[in-house]
$ cat coords_15.txt   # compact mmCIF, C-alpha atoms
# COMPACT_ATOMS: atom_id res chain seq x y z
CA MET A 1 10.07 3.55 -6.69
CA THR A 2 12.46 4.63 -3.92
CA ILE A 3 10.97 5.46 -0.53
CA ILE A 4 12.86 8.17 1.37
CA TYR A 5 12.25 8.37 5.12
CA PHE A 6 13.05 11.53 7.09
CA SER A 7 13.46 10.76 10.80
CA ASP A 8 14.03 13.30 13.58
CA SER A 9 15.61 10.66 15.90
CA TYR A 10 12.72 11.11 18.35
CA LYS A 11 12.46 7.85 20.26
CA GLY A 12 8.85 6.81 20.79
CA GLY A 13 5.69 5.81 18.95
CA ALA A 14 6.61 7.65 15.75
CA SER A 15 9.95 5.85 15.46
CA THR A 16 8.27 2.47 16.08
CA PHE A 17 5.75 3.29 13.35
CA LEU A 18 8.53 4.25 10.91
CA GLU A 19 10.58 1.16 11.73
CA GLN A 20 7.61 -1.15 11.14
CA ASN A 21 6.94 0.40 7.75
CA ILE A 22 10.61 0.41 6.72
CA LEU A 23 10.86 -3.31 7.53
CA PHE A 24 7.61 -3.98 5.67
CA ASN A 25 8.94 -2.27 2.54
CA LEU A 26 12.30 -4.04 2.74
CA ARG A 27 10.50 -7.39 2.93
CA ASN A 28 8.71 -6.36 -0.24
CA LYS A 29 12.04 -5.51 -1.91
CA LYS A 30 11.41 -1.79 -2.12
CA LYS A 31 14.41 0.54 -2.28
CA VAL A 32 14.57 2.53 0.95
CA ILE A 33 16.69 5.53 1.94
CA LEU A 34 16.73 6.62 5.59
CA PHE A 35 18.02 9.88 7.05
CA ASP A 36 18.49 9.75 10.82
CA GLN A 37 21.15 11.09 13.17
CA ASN A 38 21.37 7.93 15.28
CA PRO A 39 19.70 5.07 13.36
CA LYS A 40 20.94 2.25 15.64
CA GLN A 41 19.27 3.84 18.66
CA THR A 42 16.15 5.08 16.87
CA PHE A 43 15.55 1.88 14.89
CA PRO A 44 17.08 -1.03 16.86
CA ASN A 45 15.54 -3.73 14.65
CA LEU A 46 16.98 -2.48 11.35
CA ARG A 47 19.76 -4.60 9.85
CA LYS A 48 21.97 -4.31 6.79
CA ASN A 49 19.94 -4.89 3.67
CA LYS A 50 20.79 -4.56 0.00
CA TYR A 51 17.66 -2.48 -0.53
CA LEU A 52 18.46 -0.07 2.33
CA LYS A 53 20.74 2.98 2.42
CA VAL A 54 21.17 4.79 5.73
CA PHE A 55 22.67 8.27 6.10
CA LYS A 56 23.62 9.37 9.62
CA LEU A 57 22.58 12.99 9.36
CA ASN A 58 20.52 15.34 11.52
CA ILE A 59 17.36 16.02 9.56
CA PHE A 60 17.29 19.66 10.68
CA LYS A 61 20.92 20.74 11.23
CA ASP A 62 22.17 18.90 8.15
CA ASN A 63 19.28 19.88 5.87
CA LYS A 64 21.61 21.49 3.28
CA LYS A 65 23.73 18.32 3.06
CA ILE A 66 20.62 16.19 2.75
CA LYS A 67 19.18 18.33 -0.06
CA LYS A 68 22.48 18.13 -1.98
CA LEU A 69 22.63 14.38 -1.45
CA ILE A 70 19.10 13.83 -2.74
CA LYS A 71 19.88 15.92 -5.83
CA LYS A 72 23.08 13.94 -6.35
CA LEU A 73 21.20 10.63 -6.16
CA ASN A 74 19.09 11.93 -9.05
CA LEU A 75 16.15 9.62 -8.45
CA SER A 76 13.34 9.88 -10.99
CA ASN A 77 10.59 8.19 -9.00
CA GLN A 78 10.43 8.61 -5.24
CA LEU A 79 8.15 8.96 -2.25
CA PHE A 80 9.11 11.14 0.73
CA PHE A 81 7.71 9.97 4.07
CA PHE A 82 7.93 11.70 7.47
CA THR A 83 6.05 12.11 10.76
CA ASN A 84 7.19 15.48 12.16
CA PHE A 85 5.32 18.55 10.89
CA ALA A 86 8.49 20.66 11.29
CA ILE A 87 10.18 18.64 8.52
CA LEU A 88 7.70 19.94 5.94
CA ILE A 89 8.49 23.51 7.02
CA TYR A 90 12.27 23.00 6.77
CA TYR A 91 12.08 21.30 3.36
CA PHE A 92 9.02 22.96 1.84
CA LEU A 93 10.74 25.00 -0.89
CA PHE A 94 13.00 22.07 -1.75
CA PHE A 95 10.00 19.73 -2.07
CA LEU A 96 8.13 22.33 -4.12
CA LYS A 97 10.92 22.69 -6.68
CA TYR A 98 11.72 18.99 -6.66
CA LYS A 99 8.12 17.98 -7.40
CA VAL A 100 8.15 20.04 -10.57
CA LYS A 101 11.27 18.31 -11.94
CA LYS A 102 10.77 14.76 -10.71
CA LYS A 103 7.95 12.29 -10.22
CA THR A 104 7.62 12.76 -6.47
CA ILE A 105 5.02 11.86 -3.84
CA LEU A 106 4.88 13.68 -0.50
CA SER A 107 3.30 11.74 2.36
CA MET A 108 3.21 12.15 6.09
CA ALA A 109 1.71 10.55 9.19
CA LEU A 110 0.36 12.41 12.22
CA HIS A 111 -0.14 10.31 15.33
CA SER A 112 -0.86 13.02 17.88
CA GLY A 113 -1.46 16.71 18.36
CA VAL A 114 0.79 19.31 20.01
CA PHE A 115 0.58 19.51 23.80
CA GLN A 116 2.99 22.33 24.68
CA TYR A 117 2.62 25.73 23.07
CA ASN A 118 4.93 28.70 22.71
CA PHE A 119 5.15 31.48 20.13
CA LYS A 120 7.48 29.50 17.88
CA THR A 121 5.19 26.44 17.97
CA VAL A 122 2.08 28.47 17.12
CA ILE A 123 3.83 30.07 14.11
CA GLY A 124 5.12 26.64 13.05
CA LEU A 125 1.67 25.07 13.24
CA GLY A 126 0.18 27.87 11.15
CA LEU A 127 2.86 27.50 8.47
CA PHE A 128 2.54 23.73 8.46
CA SER A 129 -1.24 23.84 8.05
CA ILE A 130 -0.80 25.94 4.89
CA PHE A 131 2.21 24.03 3.54
CA SER A 132 0.43 20.72 4.19
CA LEU A 133 -1.92 21.44 1.30
CA ARG A 134 1.00 20.43 -0.95
CA LEU A 135 1.04 16.92 0.55
CA ASP A 136 -0.24 14.14 -1.68
CA TYR A 137 -1.28 11.93 1.22
CA LEU A 138 -1.83 12.38 4.94
CA ILE A 139 -2.22 9.49 7.40
CA PHE A 140 -3.78 9.98 10.84
CA GLY A 141 -2.86 7.35 13.43
CA SER A 142 -6.22 7.68 15.20
CA ASN A 143 -9.62 9.35 14.98
CA SER A 144 -8.72 11.51 17.98
CA SER A 145 -5.57 12.74 16.22
CA LYS A 146 -7.58 13.53 13.10
CA LYS A 147 -10.17 15.42 15.16
CA TRP A 148 -7.44 17.49 16.85
CA TRP A 149 -5.82 18.62 13.60
CA LEU A 150 -8.98 19.20 11.56
CA SER A 151 -10.72 21.11 14.35
CA LEU A 152 -7.84 23.63 14.37
CA PHE A 153 -7.10 23.61 10.65
CA PRO A 154 -10.27 22.55 8.78
CA TRP A 155 -8.68 23.27 5.37
CA MET A 156 -6.48 20.18 5.90
CA LYS A 157 -9.59 18.17 4.98
CA LEU A 158 -8.68 19.02 1.37
CA ILE A 159 -5.66 16.68 1.56
CA THR A 160 -6.26 13.05 0.59
CA HIS A 161 -6.26 11.48 4.05
CA LYS A 162 -7.13 8.31 5.95
CA VAL A 163 -7.14 7.05 9.55
CA ILE A 164 -4.96 3.93 9.83
CA PHE A 165 -4.43 2.31 13.22
CA ASN A 166 -1.04 0.97 14.27
CA GLY A 167 -0.37 -2.74 14.45
CA VAL A 168 1.62 -4.92 16.81
CA GLN A 169 3.68 -8.07 16.44
CA LYS A 170 2.82 -11.34 18.16
CA GLN A 171 5.13 -12.00 21.10
CA LYS A 172 6.26 -14.85 23.29
CA ILE A 173 3.87 -14.68 26.22
CA LYS A 174 5.24 -13.68 29.59
CA ARG A 175 4.40 -15.98 32.51
CA ASN A 176 4.44 -14.74 36.10
CA ASN A 177 3.15 -16.05 39.41
CA LEU A 178 2.73 -12.47 40.69
CA LYS A 179 4.43 -13.06 44.03
CA THR A 180 5.99 -9.64 43.45
CA VAL A 181 4.11 -7.36 41.04
CA GLN A 182 6.18 -5.24 38.63
CA ILE A 183 4.39 -2.04 37.57
CA SER A 184 5.91 0.03 34.77
CA PHE A 185 5.81 3.43 33.12
CA ILE A 186 7.07 3.09 29.53
CA GLY A 187 7.77 6.20 27.47
CA ARG A 188 9.42 9.58 27.28
CA LEU A 189 9.83 11.46 30.54
CA GLU A 190 8.16 14.63 29.32
CA LYS A 191 5.33 16.78 30.61
CA GLU A 192 2.76 15.49 28.10
CA ASN A 193 3.16 11.94 29.51
CA ASP A 194 2.80 13.15 33.11
CA PRO A 195 5.40 10.87 34.76
CA GLN A 196 4.88 12.93 37.95
CA LEU A 197 1.54 11.15 38.35
CA PHE A 198 3.35 7.80 38.19
CA ILE A 199 5.70 8.98 40.96
CA LYS A 200 2.69 9.83 43.14
CA ILE A 201 1.28 6.36 42.60
CA CYS A 202 4.66 4.92 43.64
CA GLU A 203 4.64 6.97 46.81
CA LEU A 204 1.25 5.57 47.79
CA ASN A 205 2.82 2.11 47.78
CA LYS A 206 6.08 2.80 49.59
CA LYS A 207 5.23 0.36 52.38
CA ASN A 208 3.96 -2.38 50.05
CA LYS A 209 6.85 -4.82 49.64
CA ASN A 210 4.89 -6.91 47.14
CA ILE A 211 4.93 -4.19 44.45
CA ASN A 212 7.95 -2.86 42.55
CA PHE A 213 7.84 0.16 40.24
CA ASN A 214 9.89 0.71 37.07
CA ILE A 215 10.39 3.57 34.64
CA PHE A 216 11.57 2.65 31.15
CA GLY A 217 12.46 5.67 29.06
CA ASP A 218 14.29 8.95 29.21
CA GLY A 219 13.67 12.64 28.78
CA SER A 220 14.09 16.13 30.19
CA LEU A 221 12.32 15.28 33.49
CA LYS A 222 14.50 12.30 34.45
CA LYS A 223 16.83 14.16 36.82
CA GLN A 224 13.93 15.93 38.53
CA LEU A 225 11.93 12.71 38.95
CA SER A 226 14.81 10.58 40.24
CA LYS A 227 15.15 12.86 43.28
CA LYS A 228 11.50 12.51 44.25
CA SER A 229 11.09 8.79 44.78
CA SER A 230 13.06 6.00 46.38
CA ASN A 231 10.86 2.98 45.67
CA LEU A 232 11.29 2.68 41.91
CA LYS A 233 14.03 1.86 39.44
CA PHE A 234 14.97 3.91 36.37
CA TRP A 235 16.09 1.74 33.46
CA GLY A 236 16.41 4.30 30.63
CA TRP A 237 15.71 3.14 27.09
CA SER A 238 15.82 -0.65 27.01
CA LYS A 239 15.09 -3.49 24.63
CA LYS A 240 11.43 -4.40 24.49
CA SER A 241 12.18 -7.95 25.60
CA LYS A 242 13.75 -6.54 28.78
CA ILE A 243 10.97 -4.01 29.38
CA TYR A 244 8.15 -6.52 29.17
CA SER A 245 9.98 -9.30 31.01
CA LYS A 246 10.11 -6.92 33.99
CA THR A 247 6.52 -5.70 33.67
CA ASP A 248 3.30 -7.26 34.95
CA ILE A 249 1.10 -4.16 34.72
CA THR A 250 1.58 -1.11 32.49
CA ILE A 251 0.34 2.27 33.65
CA ILE A 252 -0.18 5.07 31.11
CA THR A 253 -0.44 8.40 32.93
CA SER A 254 -0.73 10.86 30.04
CA PRO A 255 -3.98 12.90 30.00
CA ILE A 256 -4.40 12.32 26.25
CA ASN A 257 -3.15 9.32 24.28
CA ASN A 258 -4.35 8.71 20.77
CA PHE A 259 -3.41 5.12 19.90
CA PRO A 260 -0.28 4.20 21.88
CA TYR A 261 2.13 1.43 20.93
CA THR A 262 2.80 0.95 24.65
CA ALA A 263 -0.74 -0.30 25.19
CA LEU A 264 -0.66 -2.54 22.09
CA GLU A 265 2.75 -3.99 22.93
CA SER A 266 1.84 -4.59 26.57
CA ASN A 267 -1.25 -6.52 25.50
CA SER A 268 0.80 -8.56 23.01
CA TYR A 269 2.88 -9.83 25.94
CA GLY A 270 -0.25 -10.58 27.99
CA ILE A 271 0.20 -7.49 30.16
CA PRO A 272 -2.93 -5.53 31.23
CA VAL A 273 -2.94 -1.73 30.96
CA ILE A 274 -4.35 0.87 33.36
CA SER A 275 -5.00 4.44 32.20
CA ALA A 276 -7.23 7.49 32.58
CA ALA A 277 -6.23 9.00 29.22
CA ARG A 278 -8.65 10.43 26.69
CA GLY A 279 -8.32 9.59 23.00
CA ASP A 280 -8.40 6.44 20.88
CA ILE A 281 -6.49 4.54 23.57
CA ARG A 282 -10.06 3.71 24.61
CA LYS A 283 -10.34 1.59 21.46
CA ILE A 284 -7.54 -0.59 22.85
CA ILE A 285 -8.47 -0.93 26.54
CA THR A 286 -11.81 -2.37 27.63
CA ASN A 287 -12.73 -2.24 31.33
CA ASN A 288 -12.50 -5.52 33.18
CA TYR A 289 -11.46 -7.27 29.95
CA ASN A 290 -7.82 -6.44 29.17
CA GLY A 291 -7.25 -3.65 31.71
CA TYR A 292 -8.98 -0.64 33.17
CA ILE A 293 -9.65 2.82 31.78
CA PHE A 294 -11.43 5.57 33.68
CA ASN A 295 -11.73 9.38 33.89
CA SER A 296 -10.24 10.47 37.23
CA ARG A 297 -6.50 11.14 37.09
CA ILE A 298 -6.14 10.72 40.85
CA PRO A 299 -3.42 8.47 42.38
CA LEU A 300 -5.88 6.78 44.76
CA ILE A 301 -8.13 5.81 41.84
CA PHE A 302 -5.15 4.34 39.98
CA ASN A 303 -4.27 2.41 43.12
CA HIS A 304 -7.80 1.03 43.32
CA TYR A 305 -7.47 -0.35 39.79
CA ILE A 306 -4.00 -1.72 40.47
CA ASN A 307 -5.53 -3.86 43.20
CA LYS A 308 -8.39 -4.93 40.89
CA THR A 309 -5.89 -5.85 38.18
CA ILE A 310 -3.86 -8.01 40.59
CA LYS A 311 -7.02 -9.73 41.78
CA ASN A 312 -8.27 -10.45 38.22
CA TYR A 313 -4.84 -10.86 36.63
CA SER A 314 -5.28 -14.26 35.00
CA SER A 315 -8.34 -13.35 32.92
CA LEU A 316 -7.06 -9.82 32.13
CA SER A 317 -3.76 -11.24 30.88
CA LYS A 318 -5.44 -13.87 28.72
CA ASN A 319 -7.80 -11.29 27.21
CA SER A 320 -4.91 -8.90 26.57
CA ILE A 321 -3.34 -11.45 24.24
CA ILE A 322 -6.64 -12.01 22.43
CA ASN A 323 -7.14 -8.24 22.10
CA SER A 324 -3.66 -7.61 20.66
CA ARG A 325 -4.32 -10.04 17.82
CA LYS A 326 -6.97 -7.69 16.44
CA PHE A 327 -4.20 -5.21 15.58
CA SER A 328 -1.99 -6.91 13.01
CA ILE A 329 1.25 -5.18 11.98
CA ASN A 330 1.03 -6.63 8.49
CA LYS A 331 -2.56 -5.50 8.02
CA SER A 332 -1.72 -1.98 9.22
CA CYS A 333 1.29 -1.63 6.89
CA TYR A 334 -0.52 -3.20 3.97
CA THR A 335 -3.47 -0.81 4.40
CA LEU A 336 -1.14 2.19 4.60
CA TRP A 337 0.87 1.40 1.46
CA ARG A 338 -2.22 0.43 -0.50
CA PHE A 339 -3.61 3.85 0.43
CA LEU A 340 -0.39 5.39 -0.95
CA LYS A 341 -0.94 3.31 -4.10
CA ILE A 342 2.29 1.36 -3.66
CA GLU A 343 1.97 -2.29 -4.66
CA ASN A 344 3.29 -4.94 -2.25
CA SER A 345 3.47 -8.71 -2.40
CA ASN A 346 2.46 -9.08 1.26
CA THR A 347 -1.18 -9.82 1.89
CA ARG A 348 -3.30 -9.21 4.92
$ encode --input "coords_15.txt" --output "structure tokens"
Amino acid sequence: MTIIYFSDSYKGGASTFLEQNILFNLRNKKKVILFDQNPKQTFPNLRKNKYLKVFKLNIFKDNKKIKKLIKKLNLSNQLFFFTNFAILIYYFLFFLKYKVKKKTILSMALHSGVFQYNFKTVIGLGLFSIFSLRLDYLIFGSNSSKKWWLSLFPWMKLITHKVIFNGVQKQKIKRNNLKTVQISFIGRLEKENDPQLFIKICELNKKNKNINFNIFGDGSLKKQLSKKSSNLKFWGWSKKSKIYSKTDITIITSPINNFPYTALESNSYGIPVISAARGDIRKIITNNYNGYIFNSRIPLIFNHYINKTIKNYSSLSKNSIINSRKFSINKSCYTLWRFLKIENSNTR
């Protein structure tokens, strides 16, 4: 079987999820085809592999070229995998016709809901919810994500589905004497992640020379945010080794976060996480164990927990490492592909 991944080049949790699963399948000698406009940026850990074919195409703008290419490849046994609901809308008729002629499996993963609405989005969601009934398999990245989708579109329960949590890789543990504390925001600078709240937390600590603030990521709000604060550094998208070597505490400021890689990865480096987000992030963070999670999205409350984290850093860091080991990458990938009925040599 050939596994065909459709990627929208969106840098974030979805791309990390796709990369992990692509690498898992390559290790298991599965033939993989990837469509992505900028694969080196979206999937930095992918390398040349005899089982991998990469096509640098925009999944939306180049959809006609991609359809022709797939027809030309003339594969008789394939599985299409994607994470963006808009992809199913763009390719629905193609998938429908293709499934009749070929042995084809349609599968998708949904890791979050939709946080910003406009007329186009509402129409798109409605179409997707109907078109999704043609999916063979649907993976939810968290219980909170599943609840969001099924509460709006209960007929999606008819699709064969399963909640499968993300996994994280073991890392070389970061050691720090905390003479100067590095606090980081890691993610896209978009409204749904509320980086403005992080800026407010920075401003509370302008006079504290023992704390430095960092923003790792990019997005539409970068220019606006960079004018508002003088006591933090913007790094843009960076390698994970760089991000976590310059981070002692991770702050997640989004109001809702289902099961974020940022929290898992931070813990894997021994870095505690502070957040007030709702969602299955609360299955990752345990108060006074590997970080702090609370309900009030107020800068002063965040500051209170920053101070508590610094005070209890040694035990929080140690427990973060222990916690991360509960979420194995291999187990997550193995569970997912077993659910899709694809045999793999890797074991849990």
$ residues_around --input "coords_15.txt" --residues "A:Gly141" --least-positions-apart "6" --cutoff "8 Å" --atoms "only C-alpha atoms" --output "tab-separated table (two decimals) with C-alpha atoms, keeping the file's coordinate frame"
chain	number	residue	atom	x	y	z
A	109	ALA	CA	1.71	10.55	9.19
A	110	LEU	CA	0.36	12.41	12.22
A	111	HIS	CA	-0.14	10.31	15.33
A	112	SER	CA	-0.86	13.02	17.88
A	163	VAL	CA	-7.14	7.05	9.55
A	164	ILE	CA	-4.96	3.93	9.83
A	165	PHE	CA	-4.43	2.31	13.22
A	166	ASN	CA	-1.04	0.97	14.27
A	258	ASN	CA	-4.35	8.71	20.77
A	259	PHE	CA	-3.41	5.12	19.90
$ residues_around --input "coords_15.txt" --residues "A:Leu52" --least-positions-apart "5" --cutoff "7 Å" --atoms "only C-alpha atoms" --output "VMD selection string"
chain A and resid 31 to 33
$ closest_atom_pairs --input "coords_15.txt" --of "stretch 116-227 of chain A" --to "stretch 295-299 of chain A" --cutoff "12 Å" --atoms "only C-alpha atoms" --output "CSV"
residue,atom,partner,partner_atom,distance
A:Asp194,CA,A:Arg297,CA,10.3
A:Pro195,CA,A:Pro299,CA,11.9
A:Gln196,CA,A:Pro299,CA,10.4
A:Leu197,CA,A:Pro299,CA,6.9
A:Phe198,CA,A:Pro299,CA,8.0
A:Ile199,CA,A:Pro299,CA,9.2
A:Lys200,CA,A:Pro299,CA,6.3
A:Ile201,CA,A:Pro299,CA,5.2
A:Cys202,CA,A:Pro299,CA,8.9
A:Glu203,CA,A:Pro299,CA,9.3
A:Leu204,CA,A:Pro299,CA,7.7
A:Asn205,CA,A:Pro299,CA,10.4
$ closest_residue --input "coords_15.txt" --among "A:Lys240, A:Asp136, A:Asn143, A:Leu23" --to "A:Ile186" --atoms "only C-alpha atoms"
A:Lys240
$ atom_distance --input "coords_15.txt" --atom1 "atom CA of A:Thr160" --atom2 "atom CA of A:Leu340"
9.8 Å
$ closest_residue --input "coords_15.txt" --among "A:Lys65, A:Ser230, A:Lys11, A:Ser107" --to "A:Leu189" --atoms "all atoms listed in the file"
A:Lys11
$ axis_aligned_box --input "coords_15.txt" --around "stretch 221-225 of chain A" --padding-each-side "6 Å" --output "AutoDock Vina command-line options"
--center_x 14.4 --center_y 14.1 --center_z 36.2 --size_x 16.9 --size_y 15.6 --size_z 17.5
$ residues_around --input "coords_15.txt" --residues "A:Ile322" --least-positions-apart "2" --cutoff "9 Å" --atoms "all atoms listed in the file" --output "ChimeraX atom specification"
/A:267-268,270,290,317-320,324-326
$ atom_distance --input "coords_15.txt" --atom1 "atom CA of A:Lys29" --atom2 "atom CA of A:Ile3"
11.1 Å
$ residues_around --input "coords_15.txt" --residues "A:Gly13" --least-positions-apart "2" --cutoff "9 Å" --atoms "only C-alpha atoms" --output "list in words"
Tyr10, Lys11, Ser15, Thr16, Phe17, Leu18, His111, Gly187, Pro260, Tyr261 and Thr262 of chain A
$ closest_residue --input "coords_15.txt" --among "A:Val168, A:Ile274, A:Ile256, A:Leu178" --to "A:Lys331" --atoms "all atoms listed in the file"
A:Val168
$ atom_distance --input "coords_15.txt" --atom1 "atom CA of A:Ile105" --atom2 "atom CA of A:Asp280"
28.6 Å
$ closest_residue --input "coords_15.txt" --among "A:Gln182, A:Leu138, A:Glu192, A:Phe128" --to "A:Gln116" --atoms "only C-alpha atoms"
A:Glu192
$ residues_around --input "coords_15.txt" --residues "A:Leu75" --least-positions-apart "3" --cutoff "12 Å" --atoms "only C-alpha atoms" --output "number ranges by chain"
A: 1-4, 31-33, 69-72, 78-80, 98-99, 101-104
$ closest_residue --input "coords_15.txt" --among "A:Leu88, A:Ile321, A:Asn49, A:Ala14" --to "A:Lys30" --atoms "all atoms listed in the file"
A:Asn49
$ closest_residue --input "coords_15.txt" --among "A:Lys97, A:Lys120, A:Arg338, A:Lys209" --to "A:Lys67" --atoms "only C-alpha atoms"
A:Lys97
$ residues_near_point --input "coords_15.txt" --point "(-0.4, 11.0, 31.1)" --cutoff "6 Å" --atoms "only C-alpha atoms" --output "ChimeraX atom specification"
/A:193-194,252-255
$ write_last_selection --input "coords_15.txt" --atoms "C-alpha atoms" --output "short mmCIF file (atom, residue, chain, number, x, y, z; two decimals), in the coordinates of the input"
data_model
loop_
_atom_site.label_atom_id
_atom_site.label_comp_id
_atom_site.auth_asym_id
_atom_site.auth_seq_id
_atom_site.Cartn_x
_atom_site.Cartn_y
_atom_site.Cartn_z
CA ASN A 193 3.16 11.94 29.51
CA ASP A 194 2.80 13.15 33.11
CA ILE A 252 -0.18 5.07 31.11
CA THR A 253 -0.44 8.40 32.93
CA SER A 254 -0.73 10.86 30.04
CA PRO A 255 -3.98 12.90 30.00
#
